[in-house]
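As stored in entry18.cif (mmCIF, C-alpha atoms and all ligand atoms):
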data_entry
#
loop_
_atom_site.label_atom_id
_atom_site.label_comp_id
_atom_site.auth_asym_id
_atom_site.auth_seq_id
_atom_site.Cartn_x
_atom_site.Cartn_y
_atom_site.Cartn_z
CA MET A 29 0.00 0.00 0.00
CA THR A 30 1.27 3.52 -0.83
CA THR A 31 2.62 5.46 2.14
CA LYS A 32 0.47 8.52 2.76
CA ILE A 33 2.32 11.66 3.70
CA GLY A 34 1.05 14.97 5.05
CA PHE A 35 2.50 18.48 5.15
CA ILE A 36 1.50 21.14 7.72
CA GLY A 37 2.59 24.76 7.12
CA LEU A 38 2.74 26.05 3.53
CA GLY A 39 4.71 29.26 4.17
CA ILE A 40 7.80 30.48 2.31
CA MET A 41 9.68 27.24 3.06
CA GLY A 42 6.87 24.69 3.38
CA ARG A 43 5.37 25.64 0.03
CA GLY A 44 8.55 24.75 -1.90
CA MET A 45 9.16 21.55 0.04
CA ALA A 46 5.56 20.35 -0.39
CA HIS A 47 5.75 20.99 -4.14
CA ASN A 48 8.96 18.96 -4.36
CA LEU A 49 7.33 16.05 -2.48
CA LEU A 50 4.45 16.12 -4.98
CA LYS A 51 6.90 16.29 -7.91
CA ALA A 52 8.68 13.22 -6.49
CA GLY A 53 5.38 11.34 -6.79
CA PHE A 54 4.35 11.00 -3.12
CA ASP A 55 0.70 10.74 -2.10
CA LEU A 56 0.41 14.10 -0.32
CA THR A 57 -2.23 15.71 1.89
CA VAL A 58 -1.69 19.30 3.09
CA TRP A 59 -3.04 21.53 5.83
CA ASN A 60 -2.42 25.25 6.35
CA ARG A 61 -3.95 27.63 8.91
CA THR A 62 -4.77 30.10 6.13
CA LEU A 63 -6.77 27.83 3.84
CA SER A 64 -6.19 29.82 0.62
CA LYS A 65 -2.53 28.71 0.56
CA THR A 66 -3.72 25.14 -0.14
CA ASP A 67 -5.44 26.11 -3.44
CA GLU A 68 -2.37 25.66 -5.65
CA PHE A 69 -1.84 22.17 -4.15
CA VAL A 70 -5.37 21.03 -4.92
CA GLU A 71 -4.67 21.99 -8.55
CA THR A 72 -1.60 19.71 -8.59
CA GLY A 73 -3.32 16.69 -7.09
CA ALA A 74 -2.84 16.94 -3.30
CA GLY A 75 -5.58 16.28 -0.75
CA VAL A 76 -6.50 18.93 1.81
CA ALA A 77 -7.13 18.07 5.47
CA GLU A 78 -9.53 19.98 7.73
CA SER A 79 -7.15 20.16 10.71
CA PRO A 80 -3.77 18.80 11.85
CA SER A 81 -5.71 16.04 13.63
CA ASP A 82 -7.59 15.14 10.43
CA LEU A 83 -4.28 15.09 8.53
CA ALA A 84 -2.71 12.78 11.14
CA SER A 85 -5.64 10.35 10.90
CA ARG A 86 -4.93 9.98 7.16
CA CYS A 87 -1.10 9.89 7.08
CA ASP A 88 1.84 7.69 8.09
CA ILE A 89 4.48 10.42 7.67
CA ILE A 90 3.66 13.95 8.89
CA LEU A 91 5.98 16.80 7.91
CA ILE A 92 5.68 20.18 9.64
CA CYS A 93 7.15 23.61 8.84
CA VAL A 94 5.57 26.36 10.98
CA SER A 95 7.08 29.44 12.61
CA ASP A 96 8.05 29.12 16.27
CA THR A 97 8.08 26.76 19.27
CA PRO A 98 4.50 27.57 20.46
CA ASP A 99 3.25 27.04 16.89
CA VAL A 100 4.72 23.52 16.68
CA GLN A 101 3.24 22.79 20.12
CA GLN A 102 -0.10 24.08 18.85
CA VAL A 103 -0.26 21.94 15.71
CA ILE A 104 0.99 18.78 17.44
CA LEU A 105 -0.27 18.98 21.03
CA GLY A 106 -3.05 21.62 20.85
CA GLU A 107 -6.77 21.35 20.16
CA ASP A 108 -7.37 19.42 16.90
CA GLY A 109 -3.62 18.72 16.94
CA VAL A 110 -1.71 15.83 15.37
CA ILE A 111 -1.50 13.92 18.67
CA GLU A 112 -5.30 13.55 18.87
CA SER A 113 -5.42 11.03 16.04
CA ILE A 114 -1.86 10.01 15.20
CA LYS A 115 -1.56 6.35 14.17
CA PRO A 116 0.72 4.01 16.16
CA GLY A 117 4.03 3.76 14.32
CA ALA A 118 3.56 7.07 12.46
CA LEU A 119 6.49 9.46 12.08
CA VAL A 120 6.45 13.25 12.60
CA ILE A 121 9.26 15.16 10.85
CA ASP A 122 9.52 18.73 12.14
CA HIS A 123 11.31 21.13 9.75
CA SER A 124 10.60 24.25 11.87
CA THR A 125 13.43 25.88 13.85
CA ILE A 126 12.39 25.61 17.51
CA SER A 127 13.68 24.99 21.04
CA PRO A 128 15.79 21.80 21.35
CA GLN A 129 14.33 21.13 24.84
CA VAL A 130 10.71 21.47 23.73
CA THR A 131 11.53 19.17 20.79
CA GLN A 132 12.60 16.48 23.29
CA GLN A 133 9.36 16.98 25.27
CA ILE A 134 7.19 16.69 22.15
CA ALA A 135 9.07 13.53 21.06
CA ALA A 136 8.35 12.02 24.50
CA ARG A 137 4.63 12.88 24.24
CA LEU A 138 4.42 11.29 20.78
CA ALA A 139 6.26 8.20 22.05
CA GLU A 140 3.41 7.72 24.57
CA LYS A 141 1.21 7.18 21.48
CA ASP A 142 3.78 4.77 19.96
CA ALA A 143 4.61 7.45 17.38
CA HIS A 144 8.06 8.70 16.38
CA MET A 145 9.58 12.13 15.83
CA LEU A 146 12.61 13.57 14.06
CA ASP A 147 13.71 17.19 14.41
CA ALA A 148 14.83 18.11 10.89
CA PRO A 149 15.44 21.86 10.66
CA ILE A 150 16.53 23.22 7.31
CA SER A 151 18.93 25.74 5.81
CA GLY A 152 19.27 27.09 2.29
CA GLY A 153 16.66 29.82 2.09
CA SER A 154 13.53 30.07 0.00
CA GLU A 155 15.68 29.24 -3.06
CA GLY A 156 16.84 25.98 -1.45
CA ALA A 157 13.25 25.03 -0.56
CA ALA A 158 12.02 25.72 -4.10
CA ASN A 159 14.94 23.94 -5.80
CA GLY A 160 15.12 20.93 -3.46
CA THR A 161 18.68 21.77 -2.42
CA LEU A 162 18.21 22.35 1.32
CA SER A 163 20.63 21.27 4.01
CA ILE A 164 18.72 19.23 6.58
CA MET A 165 20.15 18.54 10.05
CA VAL A 166 18.35 15.65 11.71
CA GLY A 167 17.97 14.55 15.34
CA GLY A 168 16.25 11.36 16.51
CA GLU A 169 16.46 7.57 16.22
CA ALA A 170 18.74 6.18 13.47
CA ASP A 171 16.10 3.77 12.10
CA GLN A 172 13.57 6.61 11.76
CA PHE A 173 16.23 8.70 9.97
CA GLU A 174 16.61 5.86 7.43
CA ARG A 175 12.82 5.66 7.10
CA ALA A 176 12.61 9.43 6.46
CA MET A 177 15.35 9.47 3.80
CA PRO A 178 13.14 9.23 0.67
CA TYR A 179 11.15 12.29 1.77
CA LEU A 180 14.17 14.27 2.92
CA GLN A 181 15.92 13.51 -0.38
CA ALA A 182 12.99 15.08 -2.26
CA GLU A 183 13.52 18.28 -0.23
CA GLY A 184 17.25 18.62 0.19
CA LYS A 185 20.77 17.69 -0.92
CA THR A 186 22.83 17.64 2.29
CA ILE A 187 21.06 15.42 4.81
CA THR A 188 22.92 14.64 8.03
CA HIS A 189 21.92 12.60 11.07
CA VAL A 190 23.59 14.56 13.86
CA GLY A 191 22.36 12.83 17.03
CA ASP A 192 19.35 12.16 19.24
CA HIS A 193 16.15 14.22 19.67
CA GLY A 194 16.99 17.95 19.82
CA ALA A 195 20.47 17.61 18.29
CA GLY A 196 19.16 18.70 14.87
CA GLN A 197 17.78 21.87 16.44
CA LEU A 198 21.06 22.59 18.23
CA VAL A 199 23.02 22.19 14.97
CA LYS A 200 20.55 24.60 13.36
CA LEU A 201 21.41 27.17 16.05
CA VAL A 202 25.10 26.69 15.17
CA ASN A 203 24.06 27.33 11.55
CA GLN A 204 22.25 30.53 12.53
CA ILE A 205 25.30 32.01 14.27
CA LEU A 206 27.21 31.47 11.02
CA VAL A 207 24.38 33.00 8.95
CA VAL A 208 23.97 36.24 10.92
CA VAL A 209 27.61 36.94 11.63
CA THR A 210 28.27 36.43 7.91
CA GLN A 211 25.39 38.79 7.13
CA LEU A 212 26.95 41.42 9.38
CA GLY A 213 30.26 40.97 7.54
CA VAL A 214 28.58 41.34 4.15
CA SER A 215 26.79 44.50 5.35
CA GLU A 216 29.93 46.11 6.77
CA ALA A 217 31.93 45.22 3.64
CA LEU A 218 29.38 46.73 1.25
CA LEU A 219 29.18 49.87 3.39
CA LEU A 220 32.95 50.33 3.06
CA ALA A 221 32.78 49.71 -0.70
CA GLN A 222 30.01 52.29 -1.02
CA ALA A 223 31.88 54.88 1.08
CA GLY A 224 35.02 54.30 -1.01
CA GLY A 225 33.16 54.97 -4.26
CA LEU A 226 33.69 51.47 -5.66
CA ASP A 227 31.53 49.84 -8.33
CA LEU A 228 29.56 47.54 -6.04
CA GLY A 229 28.68 44.95 -8.71
CA LYS A 230 32.35 44.59 -9.73
CA THR A 231 33.35 44.43 -6.07
CA LEU A 232 30.97 41.51 -5.50
CA ASP A 233 32.25 39.72 -8.61
CA ALA A 234 35.84 40.23 -7.46
CA VAL A 235 35.44 38.76 -3.99
CA LYS A 236 32.66 36.17 -4.10
CA GLY A 237 34.78 33.36 -5.61
CA GLY A 238 37.67 33.72 -3.16
CA ALA A 239 38.13 32.97 0.52
CA ALA A 240 35.49 35.59 1.38
CA GLY A 241 32.78 33.85 -0.65
CA SER A 242 29.56 32.74 1.06
CA TRP A 243 25.93 31.85 0.30
CA MET A 244 24.89 35.14 1.91
CA LEU A 245 27.25 37.19 -0.23
CA SER A 246 26.30 35.47 -3.51
CA ASN A 247 22.52 35.31 -2.93
CA ARG A 248 21.72 38.32 -0.78
CA GLY A 249 24.57 40.64 -1.86
CA PRO A 250 23.00 41.39 -5.29
CA GLN A 251 19.60 41.86 -3.62
CA MET A 252 21.16 44.40 -1.23
CA LEU A 253 22.67 46.34 -4.16
CA GLN A 254 19.19 46.49 -5.75
CA ARG A 255 17.74 47.55 -2.37
CA ASP A 256 15.28 44.66 -2.75
CA TRP A 257 14.20 43.83 0.80
CA ARG A 258 11.65 41.14 -0.04
CA PRO A 259 12.14 38.31 2.46
CA GLY A 260 13.64 34.92 1.84
CA PHE A 261 13.72 34.89 5.64
CA THR A 262 12.10 37.66 7.66
CA ILE A 263 13.87 39.67 10.34
CA ASP A 264 11.13 38.66 12.82
CA LEU A 265 11.81 34.94 12.27
CA GLN A 266 15.57 35.55 12.29
CA GLN A 267 15.19 37.19 15.72
CA LYS A 268 13.27 34.11 16.93
CA ASP A 269 16.31 32.00 16.00
CA LEU A 270 18.78 34.41 17.64
CA ARG A 271 16.70 34.31 20.84
CA LEU A 272 17.05 30.49 20.73
CA VAL A 273 20.84 30.83 20.17
CA LEU A 274 21.20 33.28 23.08
CA GLU A 275 19.13 31.02 25.37
CA ALA A 276 21.29 28.01 24.44
CA ALA A 277 24.50 30.02 24.94
CA ASP A 278 23.25 31.15 28.36
CA GLU A 279 22.36 27.59 29.40
CA LEU A 280 25.74 26.28 28.22
CA GLY A 281 27.68 29.24 29.68
CA ILE A 282 29.39 30.34 26.47
CA PRO A 283 29.88 33.90 25.21
CA ALA A 284 27.92 34.83 22.08
CA LEU A 285 29.28 38.28 21.35
CA GLY A 286 28.62 38.39 17.60
CA THR A 287 25.11 36.98 17.95
CA SER A 288 24.23 39.51 20.71
CA LEU A 289 25.44 42.37 18.52
CA VAL A 290 23.38 41.28 15.52
CA PHE A 291 20.35 40.57 17.75
CA ASN A 292 20.47 44.17 19.01
CA LEU A 293 20.97 45.62 15.53
CA TYR A 294 17.92 43.68 14.28
CA ARG A 295 16.01 44.95 17.31
CA THR A 296 16.55 48.54 16.10
CA LEU A 297 15.09 47.53 12.72
CA GLN A 298 12.08 45.89 14.37
CA ALA A 299 11.57 49.11 16.37
CA ARG A 300 11.46 50.96 13.04
CA GLY A 301 8.70 48.61 11.80
CA LEU A 302 10.95 46.61 9.43
CA GLY A 303 10.47 43.13 10.97
CA SER A 304 8.77 41.71 7.88
CA GLU A 305 11.70 42.62 5.57
CA GLY A 306 14.38 40.08 4.63
CA ASN A 307 17.26 39.42 7.05
CA HIS A 308 19.68 41.04 4.55
CA ALA A 309 18.09 44.39 5.53
CA LEU A 310 20.56 44.20 8.44
CA VAL A 311 22.64 46.65 6.38
CA LYS A 312 19.99 49.31 7.12
CA ALA A 313 21.06 49.33 10.78
CA LEU A 314 24.65 50.16 9.71
CA GLU A 315 23.38 52.73 7.21
CA HIS A 316 21.46 54.43 10.01
CA ILE A 317 24.60 54.70 12.16
CA SER A 318 26.87 55.85 9.32
CA GLY A 319 24.54 58.05 7.27
CA ILE A 320 25.62 56.17 4.10
CA GLU A 321 23.22 54.23 1.88
CA VAL A 322 24.39 51.15 -0.04
CA GLY A 323 23.43 50.48 -3.66
CA GLY A 324 20.24 51.65 -5.34
CA ASP A 325 20.32 53.85 -8.43
CA LYS A 326 23.04 56.19 -7.22
P1 LIG B 401 6.44 31.78 6.92
O1 LIG B 401 6.51 32.03 5.46
O2 LIG B 401 6.06 32.90 7.84
O3 LIG B 401 5.40 30.56 7.15
C1 LIG B 401 5.02 30.15 8.42
C2 LIG B 401 4.02 29.02 8.29
O4 LIG B 401 3.65 28.57 9.62
C3 LIG B 401 2.71 29.42 7.60
O5 LIG B 401 2.21 28.32 6.88
C4 LIG B 401 1.82 29.74 8.81
O6 LIG B 401 0.44 29.66 8.53
C5 LIG B 401 2.23 28.64 9.75
N1 LIG B 401 1.93 28.91 11.16
C6 LIG B 401 2.53 29.82 11.96
N2 LIG B 401 2.00 29.76 13.20
C7 LIG B 401 1.05 28.79 13.18
C8 LIG B 401 0.16 28.26 14.15
N3 LIG B 401 0.14 28.71 15.42
N4 LIG B 401 -0.69 27.29 13.76
C9 LIG B 401 -0.68 26.82 12.50
N5 LIG B 401 0.13 27.28 11.52
C10 LIG B 401 1.00 28.25 11.87
O7 LIG B 401 7.78 31.20 7.50
P2 LIG B 401 8.96 30.36 6.78
O8 LIG B 401 10.00 31.32 6.31
O9 LIG B 401 8.36 29.38 5.85
O10 LIG B 401 9.57 29.61 8.05
C11 LIG B 401 8.98 28.43 8.60
C12 LIG B 401 10.02 27.76 9.51
O11 LIG B 401 11.18 27.44 8.73
C13 LIG B 401 10.47 28.66 10.66
O12 LIG B 401 10.69 27.89 11.82
C14 LIG B 401 11.77 29.24 10.13
O13 LIG B 401 12.64 29.62 11.18
C15 LIG B 401 12.31 28.06 9.34
N6 LIG B 401 13.28 28.42 8.27
C16 LIG B 401 13.02 29.43 7.38
C17 LIG B 401 13.98 29.73 6.40
C18 LIG B 401 13.79 30.83 5.37
O14 LIG B 401 14.77 31.18 4.69
N7 LIG B 401 12.58 31.39 5.21
C19 LIG B 401 15.16 29.00 6.30
C20 LIG B 401 15.37 27.96 7.19
C21 LIG B 401 14.43 27.69 8.16
P3 LIG B 401 -0.34 30.90 7.83
O15 LIG B 401 -0.14 30.73 6.35
O16 LIG B 401 -1.73 30.74 8.27
O17 LIG B 401 0.29 32.17 8.37
#
Now, as a test, write the supplied structure out as structure tokens.
Ligand code: NAP
Amino acid sequence: MTTKIGFIGLGIMGRGMAHNLLKAGFDLTVWNRTLSKTDEFVETGAGVAESPSDLASRCDIILICVSDTPDVQQVILGEDGVIESIKPGALVIDHSTISPQVTQQIAARLAEKDAHMLDAPISGGSEGAANGTLSIMVGGEADQFERAMPYLQAEGKTITHVGDHGAGQLVKLVNQILVVVTQLGVSEALLLAQAGGLDLGKTLDAVKGGAAGSWMLSNRGPQMLQRDWRPGFTIDLQQKDLRLVLEAADELGIPALGTSLVFNLYRTLQARGLGSEGNHALVKALEHISGIEVGGDK
């Protein structure tokens, strides 16, 4: 019998991943809080569930990609949540970035129903979700990781089992330190280039293939030069991740100087009402301090 899979959360990331699961030929049912986002899936042959609980009653594999820790708790443990009708032996794969500790608690609650969970947060931006090239860092039991592989391979390219429940989320926090500190570097570098009167496009071309190259520089650098602040990842969600990094650093007693700095710079942008812009709008915080604007038509 065909394995039935379900996807909860068709936002910027979930949308691309769900489309790639359909393209790979899986029997997919979707659910999204805002129903209209399911329309394009109905057109391409997916079923639509009435609630997370309804979806769980129909599926053996349940993938989730919603915003924050309370949202994952809501769709799994809340009213009409997955746990109300999950089948014994079913597997929940959570792609959201959330608290490692809460992940462990949810896995324990699902285990009481003889169901399994993997934390499988993702990296690679909206482009990676659309193109099926995400990096996926997975925590949980090794046999469930093997079971999840066909679905994860439809969504991503670099798929790594990093440890037990919660370990995937902790690796994602490591990833987020690298993302934001790199973003700060890209912002500071472009500000210097602008102040020095350089051709910014040529500057990017000159440095992106060398030791200074990064995903952020290649993908978000050109967007910054165009002053295109549409989000691949919003500042508000980025701040959610930095809060998780700072909480983990506090618990583990390690300094997180770069992360704290970027967290506070983003906070100034949120205070200016820019929380729904892309995380590359970090440069606006430096522009505000320096009085110099990067890129645009000038
Ligand atoms: P998004 O576009 O804002 O989508 C969020 C999704 O979660 C929407 O489908 C939303 O439903 C749903 N949702 C939020 N709260 C909910 C709740 N309480 N109950 C039910 N559904 C709820 O966000 P995204 O960029 O796709 O990010 C999703 C997750 O992936 C986050 O944990 C984020 O940190 C992570 N992530 C994002 C990126 C990126 O580049 N964007 C990269 C890596 C990881 P509605 O449609 O009803 O609002």
Need to verify the contact set: Ala276 in chain A, 10 Å, all atoms listed in the file, exclusion of same-chain residues closer than 4 positions in sequence. Can you return it as a ChimeraX atom specification?
/A:127-129,198,201,270-272,280-282,284
Could you dump the residues just selected with C-alpha atoms as a short mmCIF file (atom, residue, chain, number, x, y, z; two decimals), in the coordinates of the input?
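Wrote result_22.cif, looks like this:
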data_model
loop_
_atom_site.label_atom_id
_atom_site.label_comp_id
_atom_site.auth_asym_id
_atom_site.auth_seq_id
_atom_site.Cartn_x
_atom_site.Cartn_y
_atom_site.Cartn_z
CA SER A 127 13.68 24.99 21.04
CA PRO A 128 15.79 21.80 21.35
CA GLN A 129 14.33 21.13 24.84
CA LEU A 198 21.06 22.59 18.23
CA LEU A 201 21.41 27.17 16.05
CA LEU A 270 18.78 34.41 17.64
CA ARG A 271 16.70 34.31 20.84
CA LEU A 272 17.05 30.49 20.73
CA LEU A 280 25.74 26.28 28.22
CA GLY A 281 27.68 29.24 29.68
CA ILE A 282 29.39 30.34 26.47
CA ALA A 284 27.92 34.83 22.08
#
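Excluding Val58 in chain A and any residue on its chain fewer than 6 positions from it, the residues at most 10 Å away by only C-alpha atoms are Ile33, Gly34, Phe35, Ile36, Gly37, Leu38, Arg43, Ala46, Lys65, Thr66, Phe69, Val70, Ala74, Gly75, Val76, Ala77, Glu78, Ser79, Pro80, Leu83, Ile90, Leu91 and Ile92 of chain A.
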Could you tell me how far CA of Arg300 in chain A sits from CA of Glu315 in chain A, in Å to one decimal place?
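These atoms are spaced 13.4 Å apart.
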Could you list the protein, DNA and RNA residues that have any atom within 9 Å of ligand LIG 401 (chain B), counting all atoms listed in the file, and write them as number ranges by chain?
A: 36-43, 59-65, 80, 92-103, 123-126, 149-157, 162, 200, 259-262, 265-266, 268-269, 306-307
Please identify all polymer residues lying at most 8 Å from the point (2.4, 11.6, -2.5) (file coordinates), using only C-alpha atoms, and present the result as a compact mmCIF listing (two decimals) with C-alpha atoms, in the coordinates of the input.
# COMPACT_ATOMS: atom_id res chain seq x y z
CA THR A 31 2.62 5.46 2.14
CA LYS A 32 0.47 8.52 2.76
CA ILE A 33 2.32 11.66 3.70
CA LEU A 49 7.33 16.05 -2.48
CA LEU A 50 4.45 16.12 -4.98
CA ALA A 52 8.68 13.22 -6.49
CA GLY A 53 5.38 11.34 -6.79
CA PHE A 54 4.35 11.00 -3.12
CA ASP A 55 0.70 10.74 -2.10
CA LEU A 56 0.41 14.10 -0.32
CA THR A 57 -2.23 15.71 1.89
CA ALA A 74 -2.84 16.94 -3.30
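Atom pair CA of Asn48 in chain A / CA of Gln267 in chain A has a distance of 27.8 Å (rounded to one decimal).
Residue nearest Leu232 in chain A, chosen from A:Leu293, A:Leu220, A:Leu245, A:Val120 and counting all atoms listed in the file: A:Leu245.
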Can you list, as a compact mmCIF listing (two decimals) with C-alpha atoms, keeping the file's coordinate frame, every protein, DNA or RNA residue that comes within 12 Å of range 141-143 of chain A when you count all atoms listed in the file, leaving out same-chain residues fewer than 6 positions away?
# COMPACT_ATOMS: atom_id res chain seq x y z
CA ALA A 84 -2.71 12.78 11.14
CA ASP A 88 1.84 7.69 8.09
CA ILE A 89 4.48 10.42 7.67
CA ILE A 90 3.66 13.95 8.89
CA ILE A 104 0.99 18.78 17.44
CA LEU A 105 -0.27 18.98 21.03
CA VAL A 110 -1.71 15.83 15.37
CA ILE A 111 -1.50 13.92 18.67
CA GLU A 112 -5.30 13.55 18.87
CA SER A 113 -5.42 11.03 16.04
CA ILE A 114 -1.86 10.01 15.20
CA LYS A 115 -1.56 6.35 14.17
CA PRO A 116 0.72 4.01 16.16
CA GLY A 117 4.03 3.76 14.32
CA ALA A 118 3.56 7.07 12.46
CA LEU A 119 6.49 9.46 12.08
CA VAL A 120 6.45 13.25 12.60
CA ILE A 121 9.26 15.16 10.85
CA ILE A 134 7.19 16.69 22.15
CA ALA A 135 9.07 13.53 21.06
CA GLU A 169 16.46 7.57 16.22
CA GLN A 172 13.57 6.61 11.76
Would you mind listing what lies within 12 Å of Trp257 in chain A as an MDAnalysis selection string, with all atoms listed in the file counted and same-chain residues fewer than 6 positions away left out?
chainID A and resid 248:251 263 302:312 324
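In this structure, CA of Gly194 in chain A sits 21.6 Å away from CA of Met45 in chain A.
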Ref. answer, residues at most 7 Å from (23.6, 17.9, 5.9) with all atoms listed in the file, as a list in words:
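Every polymer residue passing the test: Ser163, Ile164, Met165, Thr186, Ile187 and Thr188 of chain A.
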Output file for the selection above: C-alpha atoms, as a compact mmCIF listing (two decimals), keeping the file's coordinate frame:
# COMPACT_ATOMS: atom_id res chain seq x y z
CA SER A 163 20.63 21.27 4.01
CA ILE A 164 18.72 19.23 6.58
CA MET A 165 20.15 18.54 10.05
CA THR A 186 22.83 17.64 2.29
CA ILE A 187 21.06 15.42 4.81
CA THR A 188 22.92 14.64 8.03
Could you tell me which of A:Gln222, A:Ser215, A:Thr287, A:Thr30 comes closest to Met252 in chain A if we count all atoms listed in the file?
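Under the stated criterion, the closest residue is A:Ser215.
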Return the single residue from A:Leu289, A:Glu183, A:Asp278, A:Ala176 that is closest to Val209 in chain A, with distances computed using only C-alpha atoms.
A:Leu289
With only C-alpha atoms as the atoms that count, which of A:Asp108, A:Glu321, A:Glu279, A:Asp264 lies nearest to Ala299 in chain A?
A:Asp264
Could you write out as lines of an AutoDock Vina configuration file the box around range 31-38 of chain A (axis-aligned, all atoms listed in the file, 6 Å on each side), with centre and edge lengths in Å to one decimal?
center_x = 1.6
center_y = 15.8
center_z = 4.9
size_x = 14.3
size_y = 32.6
size_z = 17.6
Using all atoms listed in the file, pick whichever of A:Val322, A:Cys87, A:Gln197, A:Gly106 has the shortest atom-to-atom distance to Glu216 in chain A.
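Result for the nearest residue to Glu216 in chain A: A:Val322.
Counting only C-alpha atoms and comparing A:Phe291, A:Pro283, A:Ser242, A:Gly73, the residue that lies closest to Lys51 in chain A is A:Gly73.
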Find the spatial neighbours of Val207 in chain A, counting all atoms listed in the file, within a cut-off of 9 Å - ignore same-chain residues fewer than 5 positions away - and output them as a list in words.
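Returned residues: Val202, Leu212, Trp243 and Met244 of chain A.
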